[in-house]
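Student: One structure is given below, represented as structure tokens, and several questions about it will come after.
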2 protein chains.
Amino acid sequence: MKNRNFKMVLQYEGTRYQGWQKQESTDNTIQGKIEKLLSKMCGETVEIQGSGRTDAGVHALGQVMNAHLNTDLSAEEIMEYMNRYLPEDIGVVEICEVSDRFHSRLNAKGKTYRYQVINSRIPHVFERRYAYVFPEKLDVEKMRKAAEILCGTHDFAAFTSAKKSKKSTVRTIESIIIEKSGDMITFTFTGDGFLFHMVRILMGTLLLVGTCATIPEDVEKILSSKNRSEAGPLVPAHGLTLVEVRY
Amino acid sequence: MKNRNFKMVLQYEGTRYQGWQKQESTDNTIQGKIEKLLSKMCGETVEIQGSGRTDAGVHALGQVMNAHLNTDLSAEEIMEYMNRYLPEDIGVVEICEVSDRFHSRLNAKGKTYRYQVINSRIPHVFERRYAYVFPEKLDVEKMRKAAEILCGTHDFAAFTSAKKSKKSTVRTIESIIIEKSGDMITFTFTGDGFLFHMVRILMGTLLLVGTCATIPEDVEKILSSKNRSEAGPLVPAHGLTLVEVRY
């Protein structure tokens with residue numbers, strides 16, 4: 001039996017799960033579900049590596065993972081097996097065999113996240129699981145100005161819930177694209193990496209700017225404060241989707 | 001208290017319901033849920049009128065209903081009340097007061113339905129509730145040819161599950177648009193009205209043509225046979241969405 005390294009692209013609807021990362025206290029994580037199934041398939045304990053954690057309730061269109069598997073099955077057979085036995089809110093949409101050294105987290109060069117806001121009191125039945133209802137009037141142009149200030153390389157210490165540590169909180173945001181279509185506003189964040197809760201706190205801050213509670217130029221002060229309490233609130237998880245991981 | 005007639009546009013995700021029409025045997029219908037709520041709001045029994053029934057599992061982006069209500073509430077207040085207390089998979093997206101004589105079924109001039117097919121074995125986690133997985137290879141051009149033959153005014157007796165009755169089974173289909181985007185094929189049917197199960201049997205027939213089990217020209221024979229057993233199978237309800245009712 002060969003030991004081979006497989007890279008997989010996953011979709012999941014995060015609604016029912018306690019997030020990506022496996023936990024002792026619950027079975028109900030994406031990582032937990034996939035490891036359990038692959039362990040059954042291989043007849044031995046399998047550990048998988050995600051490109052990063054997603055929080056409870058966050059969705060993925062293109063999460064990436066890799067796993068070293070002792071199996072003679074082809075990539076296609078593994079994908080078929082997984083899609084047959086995984087719950088219907090988790091799916092493997094791509095699989096390929098990769099070099100032994102490929103590591104989905106360490107080799108990731110960038111990520112794209114999307115946050116959706118329903119800017120209306122009118123219900124959106126089909127988007128309700130994937131978008132945050134925020135009915136207050138939003139000034140898109142002001143949010144775009146603030147987004148421009150946030151792009152680039154900065155210390156995002158003010159935009160994370162992580163406890164202070166020696167790890168760098170400097171990240172580069174390549175782009176924040178804000179598109180409005182009817183009542184739906186879509187925010188697309190692309191960067192080299194995002195800190196714990198970073199996208200959701202950036203969103204909370206952009207929404208403050210959109211409602212004119214904060215002016216776009218204040219975003220610069222928030223950045224330089226490096227103080228979490230200066231930034232906006234953490235918005236709900238269900239509006240957030242990990243769209244793509246770049247290698 | 002004035003008696004006023006209100007027209008409402010509804011969205012619903014049909015997954016959890018036994019269809020539109022209220023039934024003695026179950027509480028679990030869209031009409032039942034809405035009538036119960038409006039009866040509570042008005043303090044008397046309210047009956048509503050839908051533009052037509054949708055089957056168990058079928059969704060709506062733009063179902064239309066009307067109701068004569070004894071209330072002093074404004075249209076906006078009624079909509080707010082309903083959206084506060086309806087389950088989150090049913091929403092009122094438009095409301096207006098209309099003439100006493102407006103009847104959502106009798107005045108309907110046309111309807112648009114959409115049927116979505118996932119033409120792949122690869123899972124589509126976010127579309128799974130609203131699209132039918134049909135992985136066999138489909139020839140879109142052949143389906144378009146057959147769709148062209150189906151358009152126009154015909155006796156669609158072969159394309160309904162309704163028992164024979166004296167009611168006319170002649171209908172006019174204005175257009176059937178077939179669009180492919182990645183693995184997703186969307187079929188959009190617009191016509192003056194559709195018989196019981198008609199869109200789903202048209203779809204079953206188009207899929208037979210798409211797999212080359214039937215040639216496009218056979219559709220003419222099926223039409224003229226007026227015989228249900230000549231047409232294709234009834235496809236699952238969950239791929240179907242009532243998009244719009246025209247007045």
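Following the order of the structure tokens, chains are lettered A, B, ..., residues in each are numbered from 1, and ligands are numbered from 1.
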Which residues come within 8 Å of A:Tyr130, counting only C-alpha atoms, excluding same-chain residues fewer than 5 positions away, as a compact mmCIF listing (two decimals) with N, CA and C atoms, in the first residue's frame?
Tutor:
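Below you can see selection-v1.txt, which holds the result:
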```txt
# COMPACT_ATOMS: atom_id res chain seq x y z
N HIS A 59 -19.24 29.35 6.17
CA HIS A 59 -19.37 28.43 5.04
C HIS A 59 -18.09 28.40 4.21
N GLN A 116 -21.70 38.56 2.91
CA GLN A 116 -22.91 39.06 2.26
C GLN A 116 -23.83 39.74 3.27
N HIS A 238 -22.64 33.69 9.95
CA HIS A 238 -23.33 33.05 8.82
C HIS A 238 -23.27 33.85 7.52
N GLY A 239 -22.85 35.13 7.58
CA GLY A 239 -22.69 35.91 6.34
C GLY A 239 -21.37 35.62 5.63
N LEU A 240 -20.50 34.87 6.28
CA LEU A 240 -19.11 34.70 5.80
C LEU A 240 -18.90 33.37 5.08
N THR A 241 -18.21 33.45 3.95
CA THR A 241 -17.88 32.25 3.16
C THR A 241 -16.42 32.32 2.73
```
Student: With a distance threshold of 6 Å and counting only C-alpha atoms, extract the residues of chain B near chain A and express them as a list in words.
Tutor: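 That gives the following set of residues: Asp89, Gly91, Val93, Ile122, Pro123 and Val125 of chain B.
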Student: Which residues come within 6 Å of A:Ser51, counting only C-alpha atoms, excluding same-chain residues fewer than 6 positions away, as an MDAnalysis selection string?
Tutor: chainID A and resid 64:65 104:105
Student: Can you spit out the residues from that selection as an mmCIF file, in the first residue's frame, using N, CA and C atoms?
Tutor:
```
data_model
loop_
_atom_site.group_PDB
_atom_site.id
_atom_site.type_symbol
_atom_site.label_atom_id
_atom_site.label_comp_id
_atom_site.auth_asym_id
_atom_site.auth_seq_id
_atom_site.Cartn_x
_atom_site.Cartn_y
_atom_site.Cartn_z
ATOM 1 N N VAL A 64 -9.512 24.307 1.335
ATOM 2 C CA VAL A 64 -8.562 23.305 0.846
ATOM 3 C C VAL A 64 -7.988 22.526 2.016
ATOM 4 N N MET A 65 -7.841 21.211 1.841
ATOM 5 C CA MET A 65 -7.230 20.374 2.868
ATOM 6 C C MET A 65 -6.270 19.406 2.177
ATOM 7 N N SER A 104 -1.442 22.125 3.150
ATOM 8 C CA SER A 104 -2.491 23.069 2.750
ATOM 9 C C SER A 104 -2.426 24.384 3.522
ATOM 10 N N ARG A 105 -1.933 24.373 4.751
ATOM 11 C CA ARG A 105 -1.835 25.623 5.502
ATOM 12 C C ARG A 105 -0.515 26.348 5.225
#
```
Student: For atom CA of A:Gly50 and atom CA of A:Gln21, quote the distance in Å rounded to one decimal.
Tutor: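 Interatomic distance, atom CA of A:Gly50 to atom CA of A:Gln21: 8.5 Å.
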Student: What's the 6 Å shell around B:Ala231, counting only C-alpha atoms, without same-chain residues fewer than 2 positions away, as a ChimeraX atom specification?
Tutor: /B:205,222,228-229
Student: Find the spatial neighbours of B:Ile173, counting only C-alpha atoms, within a cut-off of 9 Å - ignore same-chain residues fewer than 3 positions away - and output them as a PDB file with N, CA and C atoms, in the first residue's frame.
Tutor:
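The resulting around_0.pdb:
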```pdb
ATOM      1  N   LEU B 150     -42.155  22.376 -28.364  1.00  0.00           N
ATOM      2  CA  LEU B 150     -43.149  22.464 -27.285  1.00  0.00           C
ATOM      3  C   LEU B 150     -43.760  23.862 -27.167  1.00  0.00           C
ATOM      4  N   CYS B 151     -43.015  24.876 -27.608  1.00  0.00           N
ATOM      5  CA  CYS B 151     -43.546  26.238 -27.496  1.00  0.00           C
ATOM      6  C   CYS B 151     -44.734  26.423 -28.437  1.00  0.00           C
ATOM      7  N   GLY B 152     -45.611  27.368 -28.061  1.00  0.00           N
ATOM      8  CA  GLY B 152     -46.808  27.620 -28.859  1.00  0.00           C
ATOM      9  C   GLY B 152     -48.032  27.065 -28.151  1.00  0.00           C
ATOM     10  N   THR B 153     -49.150  27.070 -28.861  1.00  0.00           N
ATOM     11  CA  THR B 153     -50.415  26.612 -28.283  1.00  0.00           C
ATOM     12  C   THR B 153     -50.662  25.162 -28.674  1.00  0.00           C
ATOM     13  N   HIS B 154     -50.751  24.308 -27.652  1.00  0.00           N
ATOM     14  CA  HIS B 154     -50.959  22.874 -27.896  1.00  0.00           C
ATOM     15  C   HIS B 154     -51.898  22.318 -26.838  1.00  0.00           C
ATOM     16  N   ILE B 176     -39.308  28.593 -23.687  1.00  0.00           N
ATOM     17  CA  ILE B 176     -38.542  27.702 -22.802  1.00  0.00           C
ATOM     18  C   ILE B 176     -37.086  28.043 -23.064  1.00  0.00           C
ATOM     19  N   PHE B 189     -39.455  28.296 -18.021  1.00  0.00           N
ATOM     20  CA  PHE B 189     -40.700  28.083 -18.759  1.00  0.00           C
ATOM     21  C   PHE B 189     -41.637  29.269 -18.527  1.00  0.00           C
ATOM     22  N   THR B 190     -42.072  29.920 -19.602  1.00  0.00           N
ATOM     23  CA  THR B 190     -43.055  30.991 -19.468  1.00  0.00           C
ATOM     24  C   THR B 190     -44.275  30.653 -20.327  1.00  0.00           C
ATOM     25  N   GLY B 191     -45.444  30.772 -19.726  1.00  0.00           N
ATOM     26  CA  GLY B 191     -46.663  30.454 -20.467  1.00  0.00           C
ATOM     27  C   GLY B 191     -47.875  31.073 -19.818  1.00  0.00           C
ATOM     28  N   ASP B 192     -49.034  30.858 -20.457  1.00  0.00           N
ATOM     29  CA  ASP B 192     -50.252  31.469 -19.901  1.00  0.00           C
ATOM     30  C   ASP B 192     -50.766  30.699 -18.690  1.00  0.00           C
ATOM     31  N   GLY B 193     -50.312  29.478 -18.533  1.00  0.00           N
ATOM     32  CA  GLY B 193     -50.725  28.682 -17.391  1.00  0.00           C
ATOM     33  C   GLY B 193     -50.177  27.283 -17.576  1.00  0.00           C
ATOM     34  N   PHE B 194     -50.070  26.539 -16.484  1.00  0.00           N
ATOM     35  CA  PHE B 194     -49.491  25.202 -16.566  1.00  0.00           C
ATOM     36  C   PHE B 194     -50.417  24.222 -15.850  1.00  0.00           C
TER      37      PHE B 194
END
```
Student: Enter the distance from atom CA of B:Lys109 to atom CA of B:Arg246, in Å, rounded to one decimal.
Tutor: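 Spanning atom CA of B:Lys109 to atom CA of B:Arg246 is a straight-line distance of 5.4 Å.
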Student: Rounded to one decimal, what separation in Å do you get between atom CA of B:Ala67 and atom CA of B:Glu244?
Tutor: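 Atom CA of B:Glu244 lies at a distance of 18.5 Å from atom CA of B:Ala67.
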Student: Need the shell around A:Glu136: protein/DNA/RNA residues with any atom at most 10 Å away, counting only C-alpha atoms. Skip same-chain ones fewer than 2 positions apart. Format as a list in words?
Tutor: Ile118, Asn119, Ser120, Arg121, Val133, Phe134, Leu138, Asp139, Leu207, Gly210 and Thr211 of chain A
Student: Would you list, as a PyMOL selection string, the residues of stretch 50-158 of chain B that end up in strand (DSSP E) under DSSP run on this structure's backbone?
Tutor: chain B and resi 50+59-70+90-98+110-118+132-133+152-155
Student: Given the selection you just returned, output its residues as a file containing C-alpha atoms, formatted as a compact mmCIF listing (two decimals), in the first residue's frame.
Tutor:
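Below you can see result_14.txt, which holds the result:
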```txt
# COMPACT_ATOMS: atom_id res chain seq x y z
CA GLY B 50 -53.07 31.80 -4.28
CA HIS B 59 -40.23 26.67 -4.08
CA ALA B 60 -41.40 30.17 -4.93
CA LEU B 61 -39.54 33.39 -5.62
CA GLY B 62 -42.73 35.21 -6.65
CA GLN B 63 -45.93 33.39 -5.73
CA VAL B 64 -48.86 35.83 -5.62
CA MET B 65 -51.84 35.69 -3.26
CA ASN B 66 -54.65 37.99 -2.28
CA ALA B 67 -56.76 38.27 0.84
CA HIS B 68 -59.73 40.38 1.91
CA LEU B 69 -58.88 41.61 5.39
CA ASN B 70 -60.96 43.46 7.98
CA ILE B 90 -41.73 31.93 4.10
CA GLY B 91 -41.50 35.67 3.42
CA VAL B 92 -43.73 38.46 2.14
CA VAL B 93 -41.63 40.54 -0.25
CA GLU B 94 -44.27 42.90 -1.67
CA ILE B 95 -47.73 44.03 -0.61
CA CYS B 96 -50.24 46.48 -2.00
CA GLU B 97 -53.89 47.27 -1.61
CA VAL B 98 -55.84 46.40 -4.75
CA GLY B 110 -49.10 34.11 -17.21
CA LYS B 111 -46.47 32.41 -15.11
CA THR B 112 -42.77 31.73 -15.19
CA TYR B 113 -41.25 28.60 -13.64
CA ARG B 114 -37.60 27.65 -13.37
CA TYR B 115 -36.21 24.13 -13.16
CA GLN B 116 -32.56 23.65 -12.18
CA VAL B 117 -30.46 20.61 -13.01
CA ILE B 118 -27.00 19.86 -11.65
CA TYR B 132 -32.03 18.12 -9.25
CA VAL B 133 -28.82 16.10 -9.57
CA GLY B 152 -46.81 27.62 -28.86
CA THR B 153 -50.41 26.61 -28.28
CA HIS B 154 -50.96 22.87 -27.90
CA ASP B 155 -53.12 20.36 -26.12
```
Student: Measuring between only C-alpha atoms, which one of B:Glu179, B:Glu230, B:Asp72, B:Glu141 shows the shortest distance to B:Val209?
Tutor: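 Closest to B:Val209, using only C-alpha atoms: B:Glu141.
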Student: Which residues come within 12 Å of B:Glu44, counting only C-alpha atoms, excluding same-chain residues fewer than 2 positions away, as JSON, numbers by chain?
Tutor: {"B": [35, 36, 37, 38, 39, 40, 41, 42, 46, 47, 68, 69, 70, 71]}
Student: Just write the chosen residues, C-alpha atoms, as a compact mmCIF listing (two decimals), in the first residue's frame.
Tutor:
```txt
# COMPACT_ATOMS: atom_id res chain seq x y z
CA GLU B 35 -54.18 31.77 6.87
CA LYS B 36 -53.53 30.87 10.50
CA LEU B 37 -51.37 33.94 11.00
CA LEU B 38 -53.72 36.36 9.21
CA SER B 39 -56.70 34.93 11.14
CA LYS B 40 -54.84 35.67 14.35
CA MET B 41 -54.00 39.17 13.17
CA CYS B 42 -57.60 39.94 12.19
CA VAL B 46 -59.25 34.62 6.95
CA GLU B 47 -59.05 32.75 3.66
CA HIS B 68 -59.73 40.38 1.91
CA LEU B 69 -58.88 41.61 5.39
CA ASN B 70 -60.96 43.46 7.98
CA THR B 71 -58.20 45.59 9.41
```
